[in-house]
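**Q** Below is a structure I'd like to ask you about.
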Amino acid sequence: MVVAVVIQLPTGSYKSPAEAAEFYLDKLEKGGAKKTRPYQVDLTSYTSLTQSSKVVHVLSHSEYPASSFAFAEHSNNQMLVADNTFVALMNKLKTLRAFEIRLPKMEVRGTRFEYQDFIINLGIVNQSQTTKGLILEVAYVPMDETRDGYCLIQEFLQSFLNMTKPMVQKAITEQLSNWLRSLKDKKDVEYTPSISLLQYLDIFLNMRKQPNE
Amino acid sequence: MEPAQILITQNRAFPSLEYVLQGSIQDDSVHLLKARLQGLCDNITGEVEQFDDHEIVYTLRIPGASSVSLRVRYAIDDIPNPIYHLRYVASAELDKSQSVSVRQFHDCCVTKNIQIFLQDLGFAYDHEFFAKGDIFRKGRMKITVAKISTLAERNRSDMNPMAMRRPFTNSCFVEMSLIGSMHDDKVGDEMKSFSEQLKPLISLDKIDQKR
């Protein structure tokens with residue numbers, strides 16, 4: 001069970017994302033969050049050589065070390081969740097010349113915090129040696145009801161990081177707002193870790209489009 | 001390093017090899033083979049483990065190269081919430097020095113949307129079959145004795161899929177396999193010597209699939 005919100009943190013007023021990360025780390029620690037272990041998210045994109053450059057994104061997250069998450073671009077399909085050996089299978093398809101890695105890999109490296117029932121992951125996003133920005137994931141563990149969880153996390157961000165409500169609403173990804181909207185007239189739809197990974201994917205793809213600084 | 005990170009780095013390269021011997025036996029003598037296997041294998045006291053699987057094969061045609069197939073398999077007994085298994089099996093390497101066939105092998109468990117996912121990737125439905133039978137284990141070895149049947153008619157949702165099975169032949173498919181990580185001559189010898197013990201009933205051999 002978990003509900004998570006993944007956002008890109010603004011770094012504009014700092015010299016570098018690293019400096020901004022220092023600031024946020026300090027803020028989290030002063031607020032009482034405990035550092036637990038390193039945190040890591042990776043994205044590898046495979047471009048199909050058979051089907052007009054269709055792209056498959058494969059993500060992994062240190063919070064789910066035994067799993068891989070795969071998403072085929074331009075499909076209404078849900079995310080495929082697989083064992084982490086799925087990566088080996090994709091690499092096999094790569095050596096068989098069905099796919100190739102054309103787009104740069106993206107990775108997040110950072111620190112995982114715990115604050116009571118919340119897990120906070122803060123990390124710097126890199127695209128092959130270039131820093132692209134700062135990412136924050138706040139997860140509320142004992143719940144899988146998205147709307148209530150989202151409200152709690154929103155309050156957490158307001159009180160912990162002094163973000164205003166409109167700031168949070170602006171920061172959340174299209175994926176999450178679409179998901180929240182789609183829940184309006186449904187009940188009992190569980191939040192799953194794939195939705196977190198889709199939020200990451202959203203941010204990664206936007207970052208890839210941005211020119212390097 | 002953290003266990004999480006170790007796992008993440010480990011999955012980067014995971015070469016697996018499957019060592020295989022195959023054969024077949026007529027339906028009316030299969031009970032003899034099963035009795036023999038029950039005596040020789042590890043599961044002497046317990047009940048024999050049974051399986052009933054449905055396998056669907058998807059193929060991707062790669063221009064200028066040979067096509068690649070992925071196999072989706074699930075246990076029918078697990079319906080309505082089966083665990084789907086995705087498998088890549090290369091064609092066997094016909095190494096003369098090996099006494100068994102050796103093929104590259106990758107597998108992972110996946111969520112149920114795998115079939116739509118593969119179609120999104122350009123994979124096309126190739127064929128499907130059912131395998132129902134018994135599994136025997138002897139150390140690291142796994143021996144399956146299975147009846148292979150096909151679907152009498154595809155895409156007839158009004159019919160119970162269980163009722164439409166049609167056996168391919170009136171014999172059973174027997175496969176002895178072992179998953180190892182690298183070329184290991186001992187594995188071949190171990191398997192070959194075990195298959196010798198089944199010789200009067202069945203001859204398990206390495207099969208050239210291209211033949």
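Chains: A, B, ... in order of the structure tokens. Residues: from 1 per chain. Ligands: from 1, in order shown.
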DSSP on the backbone: what in stretch 47-211 of chain B comes out strand (DSSP E or B), as JSON, numbers by chain?
**A** {"B": [49, 50, 51, 52, 53, 54, 55, 56, 57, 58, 59, 60, 68, 69, 70, 71, 72, 73, 74, 75, 84, 85, 86, 87, 88, 89, 93, 101, 102, 103, 104, 105, 106, 107, 108, 109, 110, 124, 125, 126, 127, 128, 129, 130, 131, 132, 133, 134, 135, 136, 137, 138, 141, 142, 143, 144, 145, 146, 147, 148, 149, 150, 151, 165, 166, 167, 171, 172, 173, 174, 175, 176, 177, 178, 179, 180, 205]}
**Q** Chain A residues within 9 Å of chain B, counting only C-alpha atoms: which ones, as a PyMOL selection string?
**A** chain A and resi 37-40+48-51+54-56+60-66+71-75+77-89+91-93+96-98
**Q** Okay, now the selection with C-alpha atoms, as a PDB file, in the first residue's frame?
**A**
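Result went into out_19.pdb, see below:
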```
ATOM      1  CA  ARG A  37      19.606   4.878   2.558  1.00  0.00           C
ATOM      2  CA  PRO A  38      20.517   5.888  -0.977  1.00  0.00           C
ATOM      3  CA  TYR A  39      17.761   6.156  -3.521  1.00  0.00           C
ATOM      4  CA  GLN A  40      17.910   5.499  -7.215  1.00  0.00           C
ATOM      5  CA  SER A  48      12.013  -0.414 -31.941  1.00  0.00           C
ATOM      6  CA  LEU A  49      13.816  -1.126 -35.204  1.00  0.00           C
ATOM      7  CA  THR A  50      10.852  -2.938 -36.689  1.00  0.00           C
ATOM      8  CA  GLN A  51       7.897  -0.728 -35.895  1.00  0.00           C
ATOM      9  CA  LYS A  54       8.137   2.882 -31.332  1.00  0.00           C
ATOM     10  CA  VAL A  55       9.715   3.508 -27.934  1.00  0.00           C
ATOM     11  CA  VAL A  56       9.557   1.257 -24.884  1.00  0.00           C
ATOM     12  CA  SER A  60      13.561   0.654 -12.149  1.00  0.00           C
ATOM     13  CA  HIS A  61      13.242   2.090  -8.658  1.00  0.00           C
ATOM     14  CA  SER A  62      15.285   1.268  -5.556  1.00  0.00           C
ATOM     15  CA  GLU A  63      12.068   1.117  -3.524  1.00  0.00           C
ATOM     16  CA  TYR A  64      11.014  -1.885  -5.665  1.00  0.00           C
ATOM     17  CA  PRO A  65      14.354  -3.611  -6.246  1.00  0.00           C
ATOM     18  CA  ALA A  66      12.976  -6.860  -7.639  1.00  0.00           C
ATOM     19  CA  PHE A  71       5.715   1.290 -20.786  1.00  0.00           C
ATOM     20  CA  ALA A  72       5.116   1.304 -24.530  1.00  0.00           C
ATOM     21  CA  GLU A  73       4.808   4.825 -25.859  1.00  0.00           C
ATOM     22  CA  HIS A  74       1.648   5.866 -27.726  1.00  0.00           C
ATOM     23  CA  SER A  75      -0.533   3.159 -26.340  1.00  0.00           C
ATOM     24  CA  ASN A  77      -2.039   0.429 -22.239  1.00  0.00           C
ATOM     25  CA  GLN A  78      -1.247   0.222 -18.583  1.00  0.00           C
ATOM     26  CA  MET A  79       2.269  -0.206 -17.360  1.00  0.00           C
ATOM     27  CA  LEU A  80       3.734  -3.665 -17.482  1.00  0.00           C
ATOM     28  CA  VAL A  81       5.235  -4.739 -14.189  1.00  0.00           C
ATOM     29  CA  ALA A  82       7.817  -7.502 -14.435  1.00  0.00           C
ATOM     30  CA  ASP A  83      10.653  -9.116 -12.553  1.00  0.00           C
ATOM     31  CA  ASN A  84      13.887  -7.224 -12.857  1.00  0.00           C
ATOM     32  CA  THR A  85      15.144  -9.940 -15.225  1.00  0.00           C
ATOM     33  CA  PHE A  86      12.962  -8.174 -17.810  1.00  0.00           C
ATOM     34  CA  VAL A  87      15.937  -5.858 -18.390  1.00  0.00           C
ATOM     35  CA  ALA A  88      18.042  -8.858 -19.449  1.00  0.00           C
ATOM     36  CA  LEU A  89      15.277  -9.870 -21.841  1.00  0.00           C
ATOM     37  CA  ASN A  91      18.926  -6.442 -23.752  1.00  0.00           C
ATOM     38  CA  LYS A  92      18.597  -9.781 -25.510  1.00  0.00           C
ATOM     39  CA  LEU A  93      16.108  -8.217 -27.928  1.00  0.00           C
ATOM     40  CA  LEU A  96      18.934  -9.546 -31.765  1.00  0.00           C
ATOM     41  CA  ARG A  97      18.554  -6.139 -33.424  1.00  0.00           C
ATOM     42  CA  ALA A  98      14.867  -5.743 -32.630  1.00  0.00           C
TER      43      ALA A  98
END
```
**Q** Per DSSP on the backbone, what are the helix (DSSP H, G or I) residues of stretch 5-208 of chain A, as number ranges by chain?
**A** A: 17-30, 86-95, 146-161, 165-171, 174-182, 193-208
